[in-house]
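Asks: Quick one: the structure is below, and I'll ask about it shortly.
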Amino acid sequence: MSSLSYFGKKLQHLCSTIFLYLACLCRSTCFLISCLHKSILLRVNKIFVQMFYFIFISLFGFCILRILKPRSVDFTPRNLDLFFTSVSSVTVSSMSTVEMEVFSNSQLILITFLMFIGGEIFTSMVGLHLIRSKFKPWRKDSKIESVISSTTTSPRNSDFNDDIELDIVVIPDSPKPKSENDEFQDDFGSSDKQTLKYQSIKFLGFVTLVYLLVINIIGVSSVLVYLACVSSAKDVLRNKGLKTFTFAIFTVVSTFASCGFVPTNENMMVFSKNSGLLLILIPQVLFGNTLYPACLRLCIKFLGKFSKKREAKYLLKHSREIRHLHLLPSQHSRLLVVTVFGFILIQLIMFCSLEWKSSSLNGLNSYQKIVGSLFQVVNARHTGETIVDISTVSPAILVVFIVMMYLPPYTSFIPVKGVGETPEETVGEKQGRGKVAKNLILSQLSYIFFFIVLICITERKRMKDDPLNFNVLNITLEVVSAYGNVGFTTGYSCDRMINRYTTCKNKTYGFVGKWSDEGKLILIIVMFFGRLKKFNMQGGKAWKLL
């Protein structure tokens, strides 16, 4: 018995020792992962992080789309077309090379998921979660962290946790001018500004999540109620074999994420007479894109009245210090609202003047024409849903659409000193890129020019044989639409062919669907490039036009 007791004690001691070693190993691993996480955030540029995110999600979506069965057993999309669709969904571009009704219900649900996680608001929320850890105050009860915290009090590292941008070099013993940090001390009277920054970013992420969920839920509920009350809209879905719930979620998520995909082949043209449905989707377009900064400030102000008052006040008054792209200063947000509605009014007047009696609006009464025209011009900025055949629109309107698609969502032409600066501009100034990199970075127009030239080279034979479809204006609209992540397209028509052959069939997918494989691959690059264009707003400064 004594020997058994002896071995039992030895075994217990061995187990406790192993447990202690494992606990120490786990703590060390967690600490190492935390350090690596902070190191990655400090050293890897955000453009590479987002590039990896979009490419990885696109490949993931392609693999699942390939596994899932399409609706029709007679036609299976090619791998390139499936990858193109996945990239178009993740980059919220809504460019299509196959008809949407080819996809089964399960594939439509997957595309909905890709659009949701690829939307700008969702990715910005993920970005807030990543940068929040850089503001997290150290716990004083941890010995290791207290040692690290004590090292940050040196002049060299005194501002380490304040810099959320990447690759910022802090010059030791350099006098700092009075900034918003000093104003913060006066306004809040607190020395623990690091904690407040962390809590403010956490609150901002919560507000973004609430905004994202509430707007989508309201939109889906409104569409479902409309479809239940209006039989004509529900009959369209029944005739096409689409499930009502899938259509509602797919369309609302696509609209709010500024993608523009619709489960029907004709996009929203089959609902051109359903003005109520169009009026439900118009706010989704605006709230998910151009008006998002103003709505975000209103949500922070509203939720701040019930909880987190200090954090809400800090976010509203010191938005530049957070350096969140969508949290604009108050004056800039107001000017942005004026600019957005100004663009809509100008487009609406032009569109109604030139297209009121055109074939694109045939069969609609005056009220339906006004609502349809409003829906069309609102989507011209970044969403890309349409109730008309873009190829039938007058060239003047097409040029206006091209300009609108090119403009970034937060464009404001009202010159006010200090208001037009965005967080990305501050990033570019503080990162201090090398002179060689600055000289190599071109403007957005330069890249669009190169892409158009490349497409004209790859499609030169078709431009010669089929000049009415493959003309420069149609190619330009397709490229700018992909670069702006909009989705407007003129499509392809066999009726416009000069030498029509009998096997030609009209398909209701995008113009890019008739391009060569090389042209499709170039447009995939254009969609990725356009999704990351916010990092190149200040490109082309090396060129001086005198």
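Labels used: A, B, ... for chains in the order of the structure tokens, numbers from 1 for residues in each chain, and numbers from 1 for ligands as shown.
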Please provide as a count of residues only all residues within 12 Å of A:Phe450, with the sequence filter that same-chain residues fewer than 4 positions apart are discarded (counting only C-alpha atoms).
Replies: 15
Asks: Step one, run DSSP on the backbone; step two, keep only residues of stretch 222-274 of chain A assigned to helix (DSSP H, G or I); then write them as a count of residues only.
Replies: 34
Asks: What is the distance between atom CA of A:Leu521 and atom CA of A:Lys505, in Å to one decimal?
Replies: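 Between atom CA of A:Leu521 and atom CA of A:Lys505 the gap is 23.6 Å.
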Asks: Kindly give the distance, in Å, that separates atom CA of A:Tyr406 and atom CA of A:Tyr53, rounded to a single decimal.
Replies: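 Atom CA of A:Tyr53 lies at a distance of 23.8 Å from atom CA of A:Tyr406.
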Asks: Applying 12 Å and only C-alpha atoms, which residues near A:Met405 remain after dropping the ones on its own chain fewer than 5 positions away? List them as a ChimeraX atom specification.
Replies: /A:93,258,343,377-384,398-400,411,476-489,530
Asks: Please compute the atom CA of A:Phe535-atom CA of A:Ile47 distance, one decimal, in Å.
Replies: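 We find that atom CA of A:Phe535 and atom CA of A:Ile47 lie 6.9 Å from each other.
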Asks: A:Thr508: which residues within 9 Å, counting only C-alpha atoms, same-chain residues fewer than 5 positions away excluded, as an mmCIF file with N, CA and C atoms, in the first residue's frame?
Replies:
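Output below, filename selection-v5.cif:
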```cif
data_model
loop_
_atom_site.group_PDB
_atom_site.id
_atom_site.type_symbol
_atom_site.label_atom_id
_atom_site.label_comp_id
_atom_site.auth_asym_id
_atom_site.auth_seq_id
_atom_site.Cartn_x
_atom_site.Cartn_y
_atom_site.Cartn_z
ATOM 1 N N VAL A 98 -22.338 35.603 -66.750
ATOM 2 C CA VAL A 98 -23.402 34.612 -66.961
ATOM 3 C C VAL A 98 -24.702 35.198 -66.436
ATOM 4 N N GLU A 99 -25.809 34.648 -66.866
ATOM 5 C CA GLU A 99 -27.109 35.129 -66.404
ATOM 6 C C GLU A 99 -27.331 34.718 -64.948
ATOM 7 N N MET A 100 -27.969 35.591 -64.190
ATOM 8 C CA MET A 100 -28.138 35.359 -62.763
ATOM 9 C C MET A 100 -29.075 34.195 -62.474
ATOM 10 N N ASN A 265 -32.497 37.910 -64.348
ATOM 11 C CA ASN A 265 -31.616 38.199 -65.483
ATOM 12 C C ASN A 265 -31.683 39.655 -65.900
ATOM 13 N N GLU A 266 -32.864 40.256 -65.795
ATOM 14 C CA GLU A 266 -33.072 41.620 -66.276
ATOM 15 C C GLU A 266 -32.793 42.678 -65.218
ATOM 16 N N ASN A 267 -32.149 42.285 -64.104
ATOM 17 C CA ASN A 267 -31.917 43.200 -62.999
ATOM 18 C C ASN A 267 -33.260 43.721 -62.492
ATOM 19 N N GLY A 491 -24.419 45.691 -72.034
ATOM 20 C CA GLY A 491 -24.813 44.379 -72.509
ATOM 21 C C GLY A 491 -24.351 44.133 -73.942
ATOM 22 N N TYR A 492 -24.835 43.037 -74.493
ATOM 23 C CA TYR A 492 -24.484 42.672 -75.871
ATOM 24 C C TYR A 492 -25.765 42.322 -76.615
#
```
Asks: Excluding A:Gly61 and residues on its chain fewer than 3 positions from it, collect all residues at most 12 Å away from it, counting only C-alpha atoms, and give them as a VMD selection string.
Replies: chain A and resid 54 to 58 64 to 68 79 82 to 91 107 to 115 117 to 118
Asks: For A:Ala233, which residue out of A:Cys494, A:Met268, A:Leu468, A:Leu209 is the nearest one, using only C-alpha atoms?
Replies: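 Between A:Cys494, A:Met268, A:Leu468, A:Leu209, the residue approaching A:Ala233 most closely is A:Met268.
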Asks: Go through A:Lys534, A:Lys507, A:Lys202, A:Arg310 and flag the residue nearest A:Leu407, using only C-alpha atoms for the distances.
Replies: A:Lys534
Asks: Which neighbours of A:Cys504 fall inside 12 Å, counting only C-alpha atoms, when residues of the same chain fewer than 3 positions from it are skipped, and could you give them as a short mmCIF file (atom, residue, chain, number, x, y, z; two decimals) with N, CA, C and O atoms, in the first residue's frame?
Replies:
```
data_model
loop_
_atom_site.label_atom_id
_atom_site.label_comp_id
_atom_site.auth_asym_id
_atom_site.auth_seq_id
_atom_site.Cartn_x
_atom_site.Cartn_y
_atom_site.Cartn_z
N TYR A 492 -24.84 43.04 -74.49
CA TYR A 492 -24.48 42.67 -75.87
C TYR A 492 -25.77 42.32 -76.61
O TYR A 492 -26.63 41.61 -76.10
N SER A 493 -25.90 42.82 -77.82
CA SER A 493 -27.09 42.57 -78.63
C SER A 493 -26.70 42.01 -79.99
O SER A 493 -25.87 42.59 -80.70
N CYS A 494 -27.32 40.90 -80.34
CA CYS A 494 -27.09 40.32 -81.67
C CYS A 494 -27.67 41.20 -82.77
O CYS A 494 -27.21 41.16 -83.92
N ASP A 495 -28.67 42.01 -82.42
CA ASP A 495 -29.30 42.88 -83.42
C ASP A 495 -28.36 43.98 -83.89
O ASP A 495 -28.57 44.55 -84.97
N ARG A 496 -27.34 44.29 -83.07
CA ARG A 496 -26.40 45.35 -83.47
C ARG A 496 -25.23 44.82 -84.28
O ARG A 496 -24.35 45.60 -84.69
N MET A 497 -25.21 43.53 -84.55
CA MET A 497 -24.12 42.96 -85.33
C MET A 497 -24.29 43.32 -86.81
O MET A 497 -25.41 43.28 -87.35
N ASN A 499 -22.59 41.71 -89.38
CA ASN A 499 -22.66 40.40 -90.04
C ASN A 499 -23.18 39.38 -89.04
O ASN A 499 -22.43 38.67 -88.38
N ARG A 500 -24.50 39.34 -88.89
CA ARG A 500 -25.10 38.48 -87.89
C ARG A 500 -25.11 37.03 -88.37
O ARG A 500 -25.44 36.75 -89.51
N TYR A 501 -24.75 36.13 -87.47
CA TYR A 501 -24.80 34.71 -87.79
C TYR A 501 -25.95 34.08 -87.00
O TYR A 501 -26.38 34.57 -85.95
N LYS A 507 -28.24 37.34 -74.73
CA LYS A 507 -28.16 36.93 -73.34
C LYS A 507 -28.21 38.19 -72.46
O LYS A 507 -27.67 39.24 -72.83
N LYS A 514 -19.13 38.69 -73.27
CA LYS A 514 -18.74 38.41 -74.64
C LYS A 514 -17.26 38.68 -74.91
O LYS A 514 -16.80 38.54 -76.04
#
```
Asks: Restricting the calculation to only C-alpha atoms, which member of A:Ser254, A:Ser366, A:Ser104, A:Thr208 is positioned closest to A:Cys299?
Replies: A:Thr208
Asks: Smallest atom-to-atom distance to A:His318: which of A:Leu196, A:Ile387, A:Leu277, A:Ile448, using only C-alpha atoms?
Replies: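 Among A:Leu196, A:Ile387, A:Leu277, A:Ile448, it is A:Leu196 that comes nearest to A:His318.
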